[in-house]
Structure formats: C-alpha cells, structure tokens
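Structure, as structure tokens:
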Amino acid sequence: AEHVQVTPDGWAALQFTADGDLRLGVNQLQAAAAATPEGKLVDAQQVYKVCDVPPPTHLAGVVKATFAGQVEQAVDGVLALVHAGYSSL
C-alpha cells in the first residue's frame with residue numbers, strides 16, 4: 001500500500017496512455033508516483049510527462065487548426081511539440 005493519490009484528470013490520463021493495457025497502466029502509475037514530489041498528487045501533467053505523451057488537448061488543437069485551414073497555427077503547434085522534445089515521427 002503506497003497510498004498514492006491521483007487527481008481525476010490523472011486517472012483519465014492513465015486510461016488514455018495505457019490504452020486498455022492494465023499492466024502498462026499500473027507501471028505508468030508507479031512511474032508517475034515515483035516522479036511526483038512527496039505530498040503531491042499525481043495529475044495528468046505528471047502522467048503525460050513520465051509517459052512521454054503529448055497532452056491530447058494540444059494534439060486536438062493542431063488537428064482543429066488543420067481542418068480549419070489555419071496552416072500556420074497547425075505548424076506552430078507541431079513545432080511546439082518538437083521543441084518540447086516530442087518526436088515528429
């Protein structure tokens with residue numbers, strides 16, 4: 001019993017990143033808990049960070065900009081992800 005406390009958005013992030021794989025979800029929860037300072041809650045930002053997954057809201061913004069024909073905004077969104085360390089491949 002590690003008494004890990006997770007925010008509702010943290011649980012949602014774990015569900016998203018694990019994609020139905022319970023073992024992966026448990027491993028990701030352990031990694032996020034280990035990387036979270038003591039006394040802090042595991043939240044979505046921490047989960048995405050340790051799982052090296054960009055936040056889906058950012059990706060949704062890039063897709064919406066693309067469909068709206070806002071090419072520069074979409075490219076800026078992709079470049080922001082690359083500059084944040086995410087691979088474009």
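Ligands are numbered from 1 in the order shown, residues from 1 within each chain, and chains are lettered A, B, ... in the order they appear in the structure tokens.
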
10 Å contact set for Asp9 (chain A), only C-alpha atoms, chain neighbours under 5 positions out, as a ChimeraX atom specification: /A:14-15,42-45,47

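Omitting Ala74 (chain A) and its sequence neighbours fewer than 5 positions away, and counting only C-alpha atoms, the residues within 12 Å are His58, Leu59, Ala60, Gly61, Val62, Val63, Lys64, Ala65, Thr66, Phe67, Ala68, Gly69, Leu79, Ala80 and Leu81 of chain A.
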
As a ChimeraX atom specification, list the residues of chain A assigned to alpha helix (DSSP H) by DSSP on the backbone atoms of this structure. /A:8-18,22-35,44-51,56-67,71-83

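For Val4 (chain A), the non-local neighbours within 12 Å, defined as residues at least 6 positions apart in the same chain or in other chains and counting only C-alpha atoms, are A:Gly10, A:Trp11, A:Val26, A:Leu29, A:Gln30, A:Ala31, A:Ala32, A:Ala33, A:Ala34, A:Ala35, A:Thr36, A:Pro37, A:Glu38, A:Gly39, A:Lys40, A:Leu41, A:Val42, A:Asp43.
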
Output the selection as a PDB file, in the first residue's frame - N, CA and C atoms for each residue.
ATOM      1  N   GLY A  10      -5.691  12.904 -13.614  1.00  0.00           N
ATOM      2  CA  GLY A  10      -4.587  11.940 -13.615  1.00  0.00           C
ATOM      3  C   GLY A  10      -5.072  10.552 -13.994  1.00  0.00           C
ATOM      4  N   TRP A  11      -6.231  10.152 -13.441  1.00  0.00           N
ATOM      5  CA  TRP A  11      -6.807   8.848 -13.800  1.00  0.00           C
ATOM      6  C   TRP A  11      -7.159   8.814 -15.286  1.00  0.00           C
ATOM      7  N   VAL A  26      -0.611   0.209 -14.684  1.00  0.00           N
ATOM      8  CA  VAL A  26      -0.021   0.093 -13.344  1.00  0.00           C
ATOM      9  C   VAL A  26       1.433   0.560 -13.364  1.00  0.00           C
ATOM     10  N   LEU A  29       1.469   4.295 -13.605  1.00  0.00           N
ATOM     11  CA  LEU A  29       1.101   4.888 -12.316  1.00  0.00           C
ATOM     12  C   LEU A  29       2.281   4.851 -11.355  1.00  0.00           C
ATOM     13  N   GLN A  30       2.983   3.735 -11.320  1.00  0.00           N
ATOM     14  CA  GLN A  30       4.163   3.640 -10.452  1.00  0.00           C
ATOM     15  C   GLN A  30       5.222   4.655 -10.862  1.00  0.00           C
ATOM     16  N   ALA A  31       5.461   4.804 -12.143  1.00  0.00           N
ATOM     17  CA  ALA A  31       6.457   5.759 -12.624  1.00  0.00           C
ATOM     18  C   ALA A  31       6.051   7.193 -12.291  1.00  0.00           C
ATOM     19  N   ALA A  32       4.782   7.504 -12.496  1.00  0.00           N
ATOM     20  CA  ALA A  32       4.308   8.854 -12.197  1.00  0.00           C
ATOM     21  C   ALA A  32       4.383   9.138 -10.703  1.00  0.00           C
ATOM     22  N   ALA A  33       4.032   8.144  -9.883  1.00  0.00           N
ATOM     23  CA  ALA A  33       4.096   8.325  -8.432  1.00  0.00           C
ATOM     24  C   ALA A  33       5.535   8.510  -7.970  1.00  0.00           C
ATOM     25  N   ALA A  34       6.455   7.751  -8.557  1.00  0.00           N
ATOM     26  CA  ALA A  34       7.868   7.864  -8.183  1.00  0.00           C
ATOM     27  C   ALA A  34       8.442   9.220  -8.582  1.00  0.00           C
ATOM     28  N   ALA A  35       7.946   9.797  -9.666  1.00  0.00           N
ATOM     29  CA  ALA A  35       8.459  11.080 -10.155  1.00  0.00           C
ATOM     30  C   ALA A  35       7.759  12.280  -9.530  1.00  0.00           C
ATOM     31  N   THR A  36       6.718  12.030  -8.766  1.00  0.00           N
ATOM     32  CA  THR A  36       5.966  13.113  -8.137  1.00  0.00           C
ATOM     33  C   THR A  36       6.546  13.399  -6.761  1.00  0.00           C
ATOM     34  N   PRO A  37       6.789  14.677  -6.457  1.00  0.00           N
ATOM     35  CA  PRO A  37       7.314  15.013  -5.129  1.00  0.00           C
ATOM     36  C   PRO A  37       6.383  14.515  -4.022  1.00  0.00           C
ATOM     37  N   GLU A  38       6.967  14.102  -2.914  1.00  0.00           N
ATOM     38  CA  GLU A  38       6.188  13.577  -1.795  1.00  0.00           C
ATOM     39  C   GLU A  38       5.168  14.617  -1.324  1.00  0.00           C
ATOM     40  N   GLY A  39       3.969  14.153  -1.072  1.00  0.00           N
ATOM     41  CA  GLY A  39       2.909  15.032  -0.610  1.00  0.00           C
ATOM     42  C   GLY A  39       2.090  15.645  -1.732  1.00  0.00           C
ATOM     43  N   LYS A  40       2.508  15.438  -2.969  1.00  0.00           N
ATOM     44  CA  LYS A  40       1.784  15.975  -4.121  1.00  0.00           C
ATOM     45  C   LYS A  40       0.930  14.877  -4.745  1.00  0.00           C
ATOM     46  N   LEU A  41      -0.122  15.296  -5.419  1.00  0.00           N
ATOM     47  CA  LEU A  41      -0.994  14.366  -6.113  1.00  0.00           C
ATOM     48  C   LEU A  41      -0.453  14.086  -7.512  1.00  0.00           C
ATOM     49  N   VAL A  42      -0.661  12.866  -7.988  1.00  0.00           N
ATOM     50  CA  VAL A  42      -0.323  12.537  -9.371  1.00  0.00           C
ATOM     51  C   VAL A  42      -1.424  13.123 -10.246  1.00  0.00           C
ATOM     52  N   ASP A  43      -1.047  13.997 -11.163  1.00  0.00           N
ATOM     53  CA  ASP A  43      -2.038  14.616 -12.040  1.00  0.00           C
ATOM     54  C   ASP A  43      -1.733  14.290 -13.500  1.00  0.00           C
TER      55      ASP A  43
END

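Picture a line from CA of Cys51 (chain A) to CA of Val75 (chain A); it runs 23.7 Å.
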
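Using only C-alpha atoms for every distance, the candidate list A:Leu24, A:Gln70, A:Val6, A:Pro54 yields A:Pro54 as the residue closest to His83 (chain A).
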